[in-house]
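Q: I have a structure here, written as C-alpha cells, and I will follow up with some questions on it.
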Protein chains: 2
Amino acid sequence: MPNFSASFTPEKTRLGWIGTGVMGTSMCRRLMDAGYSMTVFNRTRSKTDSLASAGAKVVDSPAEVASASDLVLMMVGYPQDVSEVVLGSEGVLSADDLPQVLVDLTTSRPQLAVEISAAAEKQGVHSLDAPVSGGDIGAREGRLSIMVGGDVEVFNALDPIWKVLGQTVVHQGAAGAGQHTKMVNQTLIASGMIGVCEALLYAQKAGLDIPTVLQSVSSGAAGSWSLSNLAPRMVAHDFDPGFYVEHFLKDMGIALEEAARMDLCLPGLALANQLYRAVQAQGHGRDGTQALLLALANLNGVNW
Amino acid sequence: MPNFSASFTPEKTRLGWIGTGVMGTSMCRRLMDAGYSMTVFNRTRSKTDSLASAGAKVVDSPAEVASASDLVLMMVGYPQDVSEVVLGSEGVLSADDLPQVLVDLTTSRPQLAVEISAAAEKQGVHSLDAPVSGGDIGAREGRLSIMVGGDVEVFNALDPIWKVLGQTVVHQGAAGAGQHTKMVNQTLIASGMIGVCEALLYAQKAGLDIPTVLQSVSSGAAGSWSLSNLAPRMVAHDFDPGFYVEHFLKDMGIALEEAARMDLCLPGLALANQLYRAVQAQGHGRDGTQALLLALANLNGVNW
C-alpha cells in the first residue's frame, strides 16, 4: 500500500530522468516544458547537453538522480542496462536518499520488473514498469501508448505525469504486466510485418502496380497500421528507422524467452524473429523494421 | 477493344446471376432493388427461392442465363466451379445468344481468369475477374472492396453496377490482376491472423486481462482490422463464420500455388496455410477464420 496520497504535480515534485536517447530526451523535455524541475543522468554525458541547456541539472550516476528526486523515470536500452541502473552499485536503489517512486519506461523483461518491484518495495520505493509504444513522434507529441504494471494507487497518483507523456495510458495489472502487454504488442507487429512484406513481394512478382493495390487492400479486412504507415515507405525505398531492427530483435527475444518460460509455442513469432535475424545479418540492424522487405526480397533473389 | 459505348444502366440492361450463396444472394438482390431485371441460376435450385419471390426468373443452366442476359455476373465456390460454369458443356460460353460481358466475382485462380478472358474474347464476350472483400455484411450493404482485372473500358462501362455493389472498386490491370490483388489481400490477412491469435494466447498465459490489453494495443502500431474486429469475438467465444476457414484455405492454396509458379518463397503464408490446415483438421472448417485461436490453443494444450 503506497504511503502517500499526494499526486505528482509540477509544484510538489522533483523529477529525475535516466537515459537520454531519442525517446528519453523527447519525453524528459515534455515534462520540463510542463513545469517540472529535472535532474538527469546518461551514460554518455554529451547526450544530456540539450536538456542541460533547457535547465536540467546533470549528475554523474543513477544514485545521484535518485537522491535529488521524488520520482525517477528511466528509459534505457537493454534489460542488463535496466538491472545496472536500478540494482547496480551506483544504481537508483543504492542512493542515500531514496525517491518515492521509480518508473521504468524501457521495454524489458517482465521477470526483471517483478524482481525490481520486490527489491524496491523492501526499501520503501514503489516501482512501476511502463513500456511505451508510439515511436519518436509519439514521444515528442505526448501521444504514446503506455502500458503500466504495478500498484494501481501509485499508477493513479502519477496521473499528472501520464497526461504529459501519453494518449493511451492503461494500468494492466501487477508488476510485470506492463512489460507483458508490450510483448503482446510486439507479437502482433511481428507476424503482421511478415504479411505486409510478403504481400508487397507477391504484388511485385505478379506485375501489379503497388500503390493501386494498396487502394484496394488498405481499408478492409487486410488493413493494419503497418500496412498504412510502413508499406508506403517501402514503396518509396525509405528504410530510415521509425523503430530500429535491432531493438525489435531485442523485444522479440524477450517475448520468446517469456513464452518459453510459460511453455508457450508461438510459431509466427519464432519465424519473425528468425527473419529479422536475417535482416540484421544483411546489415540492416540500424534500419527501420520495414527493412524486413529487403531481406525477404534478397531471400527470393529479387531486387526491390 | 470493347464494341459498345453504352453503360449498363437498369433501363438498358438485362442482368444474369449465377451462384446464389450467402454473398451472391445479397449482391444479386441489391441489383434487383436498384431496378435491374434478373435471370438466375444456382446448382441447388432451392437457394434461388428468395430471389424468385422478389421477381427474378430462375432457369436451369448457366447457358440459359447467358442467352437471356446482356451482362452475366457470377459468384460460385471453387476454381473448378468457375471453370464448369464458364467453359463447361452447359456453361456461359456455350450459349446460343451470348452476353456482352461476363464478370466473375469468385475468388479463383489468376491463371484461370486469363484463360477465361482469352476464351471469351474469341467469342466476342468481354470478361472481367472481380473478386471481392468485405464479407456478408459488405455484400448486403453494398460496401465491398472489388478488385478488378480486364479491359479498363469494360470496367468503366460497368460503373452503374459497381456503384450498387461496392465502396472501393479499383481497376488493377489486365485479366487476372483482380485475382492477384485478392491474393495480396489474403496474404496480408494470413500472417496478421497468426499475430492476433499468438498475442491473445500470450496475454492469457501471462495472466493479463485481455479486454484491458486490447485497450493498450489496438489503436497504435500493433493495430489492425483483424485485431479490432476478430479479437473481441475470440474473447466472447464467438467462432461463427464471418469468413469460413475452408474458404480461406482455398484462397491460401491458390496464393501459394501462384507464388510457386512465380518462384516466390513466402514462409509466413506457408505457415498460416499449415496452421489453418490444423484448424480444419480439428473440425473447424465451417467456423470463422478467428477459429485459428482454438487450434493454437489446442497446440499449446491450453483451454480458451
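Following the order of the C-alpha cells, first chain is A, next is B, and so on, with residues numbered from 1 inside each chain and ligands from 1 in the order they appear.
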Compute the set of chain B residues within 7 Å of chain A, using only C-alpha atoms, and express it as a ChimeraX atom specification.

A: /B:134,145,147,168,170,172,177,180-181,184-185,187-192,194-196,198-199,202-203,205-206,208,212-213,216-217,220-226,262,264-266,268,300

Q: Going by DSSP on the backbone, which bits of stretch 73-240 of chain B are strand (DSSP E)? Write them as a list in words, please.

A: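 DSSP on the backbone gives strand (DSSP E) at Leu73, Met74, Val101, Leu102, Val103, Asp104, His126, Ser127, Leu128, Asp129, Val132, Ser133, Leu144, Ser145, Ile146, Met147, Val148, Gly149, Gly166, Gln167, Thr168, Val169, Val170, His171, Gln172 and Gly173 of chain B.
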
Q: The selected residues should be written to file as a short mmCIF file (atom, residue, chain, number, x, y, z; two decimals), in the first residue's frame (atoms: N, CA, C and O atoms).

A:
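Resulting contents of part.cif:
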```
data_model
loop_
_atom_site.label_atom_id
_atom_site.label_comp_id
_atom_site.auth_asym_id
_atom_site.auth_seq_id
_atom_site.Cartn_x
_atom_site.Cartn_y
_atom_site.Cartn_z
N LEU B 73 -23.19 -11.86 -64.18
CA LEU B 73 -22.29 -11.85 -63.03
C LEU B 73 -22.36 -13.22 -62.37
O LEU B 73 -23.43 -13.85 -62.34
N MET B 74 -21.23 -13.67 -61.83
CA MET B 74 -21.23 -14.98 -61.17
C MET B 74 -20.38 -14.94 -59.91
O MET B 74 -19.40 -14.22 -59.82
N VAL B 101 -20.91 -9.03 -71.65
CA VAL B 101 -19.87 -9.03 -70.62
C VAL B 101 -20.13 -10.13 -69.59
O VAL B 101 -21.29 -10.40 -69.24
N LEU B 102 -19.07 -10.74 -69.12
CA LEU B 102 -19.12 -11.73 -68.05
C LEU B 102 -18.20 -11.26 -66.92
O LEU B 102 -17.02 -10.98 -67.17
N VAL B 103 -18.75 -11.19 -65.72
CA VAL B 103 -17.96 -10.75 -64.55
C VAL B 103 -17.90 -11.88 -63.54
O VAL B 103 -18.95 -12.32 -63.02
N ASP B 104 -16.70 -12.37 -63.25
CA ASP B 104 -16.56 -13.42 -62.24
C ASP B 104 -16.12 -12.81 -60.91
O ASP B 104 -15.00 -12.32 -60.77
N HIS B 126 -16.65 -9.92 -73.45
CA HIS B 126 -15.64 -9.30 -72.59
C HIS B 126 -15.75 -9.88 -71.19
O HIS B 126 -16.85 -9.91 -70.62
N SER B 127 -14.64 -10.32 -70.63
CA SER B 127 -14.73 -10.86 -69.27
C SER B 127 -13.85 -10.08 -68.31
O SER B 127 -12.79 -9.55 -68.69
N LEU B 128 -14.31 -9.97 -67.09
CA LEU B 128 -13.56 -9.33 -66.01
C LEU B 128 -13.46 -10.29 -64.84
O LEU B 128 -14.42 -11.00 -64.53
N ASP B 129 -12.29 -10.33 -64.19
CA ASP B 129 -12.21 -11.02 -62.90
C ASP B 129 -12.33 -9.94 -61.83
O ASP B 129 -11.64 -8.92 -61.88
N VAL B 132 -14.03 -10.07 -54.48
CA VAL B 132 -14.46 -9.04 -53.53
C VAL B 132 -13.92 -9.33 -52.13
O VAL B 132 -13.53 -10.45 -51.81
N SER B 133 -13.91 -8.31 -51.33
CA SER B 133 -13.60 -8.46 -49.91
C SER B 133 -14.60 -7.62 -49.13
O SER B 133 -15.01 -6.56 -49.59
N LEU B 144 -18.58 -3.40 -50.43
CA LEU B 144 -17.46 -4.30 -50.72
C LEU B 144 -16.27 -3.55 -51.31
O LEU B 144 -16.42 -2.48 -51.89
N SER B 145 -15.08 -4.14 -51.12
CA SER B 145 -13.93 -3.78 -51.93
C SER B 145 -13.92 -4.76 -53.10
O SER B 145 -13.95 -5.97 -52.90
N ILE B 146 -13.93 -4.25 -54.33
CA ILE B 146 -13.93 -5.10 -55.52
C ILE B 146 -12.67 -4.81 -56.33
O ILE B 146 -12.37 -3.65 -56.64
N MET B 147 -11.90 -5.88 -56.58
CA MET B 147 -10.59 -5.76 -57.23
C MET B 147 -10.71 -6.33 -58.64
O MET B 147 -10.93 -7.52 -58.79
N VAL B 148 -10.54 -5.48 -59.65
CA VAL B 148 -10.97 -5.86 -60.99
C VAL B 148 -9.80 -5.97 -61.96
O VAL B 148 -8.94 -5.07 -62.04
N GLY B 149 -9.78 -7.09 -62.70
CA GLY B 149 -8.84 -7.27 -63.79
C GLY B 149 -9.57 -7.38 -65.11
O GLY B 149 -10.67 -7.93 -65.16
N GLY B 166 -20.33 -1.98 -54.53
CA GLY B 166 -19.08 -1.76 -53.82
C GLY B 166 -18.86 -0.36 -53.32
O GLY B 166 -19.52 0.60 -53.73
N GLN B 167 -17.89 -0.24 -52.42
CA GLN B 167 -17.49 1.06 -51.90
C GLN B 167 -16.11 1.43 -52.46
O GLN B 167 -15.86 2.57 -52.78
N THR B 168 -15.23 0.42 -52.54
CA THR B 168 -13.87 0.64 -53.06
C THR B 168 -13.72 -0.30 -54.25
O THR B 168 -13.46 -1.49 -54.09
N VAL B 169 -13.93 0.23 -55.45
CA VAL B 169 -13.87 -0.60 -56.65
C VAL B 169 -12.73 -0.07 -57.51
O VAL B 169 -12.78 1.07 -57.98
N VAL B 170 -11.69 -0.90 -57.66
CA VAL B 170 -10.46 -0.41 -58.30
C VAL B 170 -10.04 -1.33 -59.45
O VAL B 170 -9.98 -2.56 -59.29
N HIS B 171 -9.77 -0.73 -60.60
CA HIS B 171 -9.23 -1.48 -61.73
C HIS B 171 -7.75 -1.73 -61.49
O HIS B 171 -6.97 -0.79 -61.34
N GLN B 172 -7.35 -3.00 -61.45
CA GLN B 172 -5.98 -3.34 -61.05
C GLN B 172 -5.08 -3.71 -62.22
O GLN B 172 -3.87 -3.86 -62.03
N GLY B 173 -5.64 -3.89 -63.40
CA GLY B 173 -4.80 -4.24 -64.55
C GLY B 173 -5.51 -5.22 -65.47
O GLY B 173 -6.74 -5.33 -65.45
#
```

Q: Excluding stretch 118-122 of chain B and residues on its chain fewer than 6 positions from it, collect all residues at most 12 Å away from it, counting only C-alpha atoms, and give them as a list in words.

A: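 The residues that qualify are Met1, Pro2, Asn3, Ser83, Val86, Leu87, Gly88, Gly91, Val92, Leu93, Ser94, Ala95, Leu98, Pro99, Gln100, Val101, Leu102, Val103, Gln111, Leu112, Leu128, Gly150, Asp151, Ala174, Ala175 and Gly176 of chain B.
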
Q: Find the spatial neighbours of A:Asp70, counting only C-alpha atoms, within a cut-off of 12 Å - ignore same-chain residues fewer than 2 positions away - and output them as a short mmCIF file (atom, residue, chain, number, x, y, z; two decimals) with C-alpha atoms, in the first residue's frame.

A:
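Result saved to selection_34.cif:
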```cif
data_model
loop_
_atom_site.label_atom_id
_atom_site.label_comp_id
_atom_site.auth_asym_id
_atom_site.auth_seq_id
_atom_site.Cartn_x
_atom_site.Cartn_y
_atom_site.Cartn_z
CA PHE A 4 1.37 8.84 0.06
CA ALA A 6 -0.46 13.35 -2.98
CA SER A 7 -0.37 13.40 -6.74
CA PHE A 8 2.81 14.27 -8.58
CA THR A 9 2.14 17.82 -9.79
CA PRO A 10 4.95 20.11 -11.04
CA GLU A 11 4.66 22.30 -7.94
CA LYS A 12 5.29 19.49 -5.49
CA THR A 13 7.57 17.13 -7.39
CA ARG A 14 11.28 16.98 -8.11
CA LEU A 15 11.70 14.71 -11.14
CA GLY A 16 14.70 12.65 -12.14
CA TRP A 17 15.39 11.15 -15.56
CA TYR A 36 8.81 20.04 -13.65
CA SER A 37 12.30 20.56 -12.21
CA MET A 38 14.62 17.87 -13.55
CA THR A 39 17.82 16.04 -12.59
CA VAL A 65 19.48 11.27 -9.67
CA ALA A 66 17.64 9.24 -7.05
CA SER A 67 18.90 11.33 -4.12
CA ALA A 68 17.74 14.53 -5.81
CA VAL A 72 12.61 8.87 -11.04
CA LEU A 73 11.74 7.90 -14.63
CA VAL A 92 18.87 4.06 -8.00
CA ASP A 97 18.05 9.42 -0.08
CA LEU A 98 15.54 7.32 -1.98
CA PRO A 99 12.75 8.55 -4.27
CA GLN A 100 9.13 7.67 -3.58
CA VAL A 101 8.54 6.14 -6.99
CA LEU A 102 10.62 4.63 -9.79
CA VAL A 103 9.10 4.24 -13.28
CA VAL A 125 10.21 2.61 -3.06
CA HIS A 126 7.21 1.98 -5.29
CA LEU A 158 1.08 9.59 -11.40
#
```

Q: Once DSSP has gone over the backbone, tell me which residues of stretch 220-294 of chain B are in alpha helix (DSSP H), as a ChimeraX atom specification.

A: /B:225-235,245-261,267-279,292-294

Q: What gap, in Å, lies between atom CA of B:Phe41 and atom CA of B:Ile18?

A: 4.9 Å

Q: Between atom CA of B:Gly24 and atom CA of B:Thr48, measure the distance and give it in Å to one decimal.

A: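 Atom CA of B:Thr48 lies 10.2 Å from atom CA of B:Gly24.
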
Q: I'd like the interatomic distance between atom CA of B:Arg277 and atom CA of B:Pro211, to a tenth of an Å.

A: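 The value is 28.4 Å.
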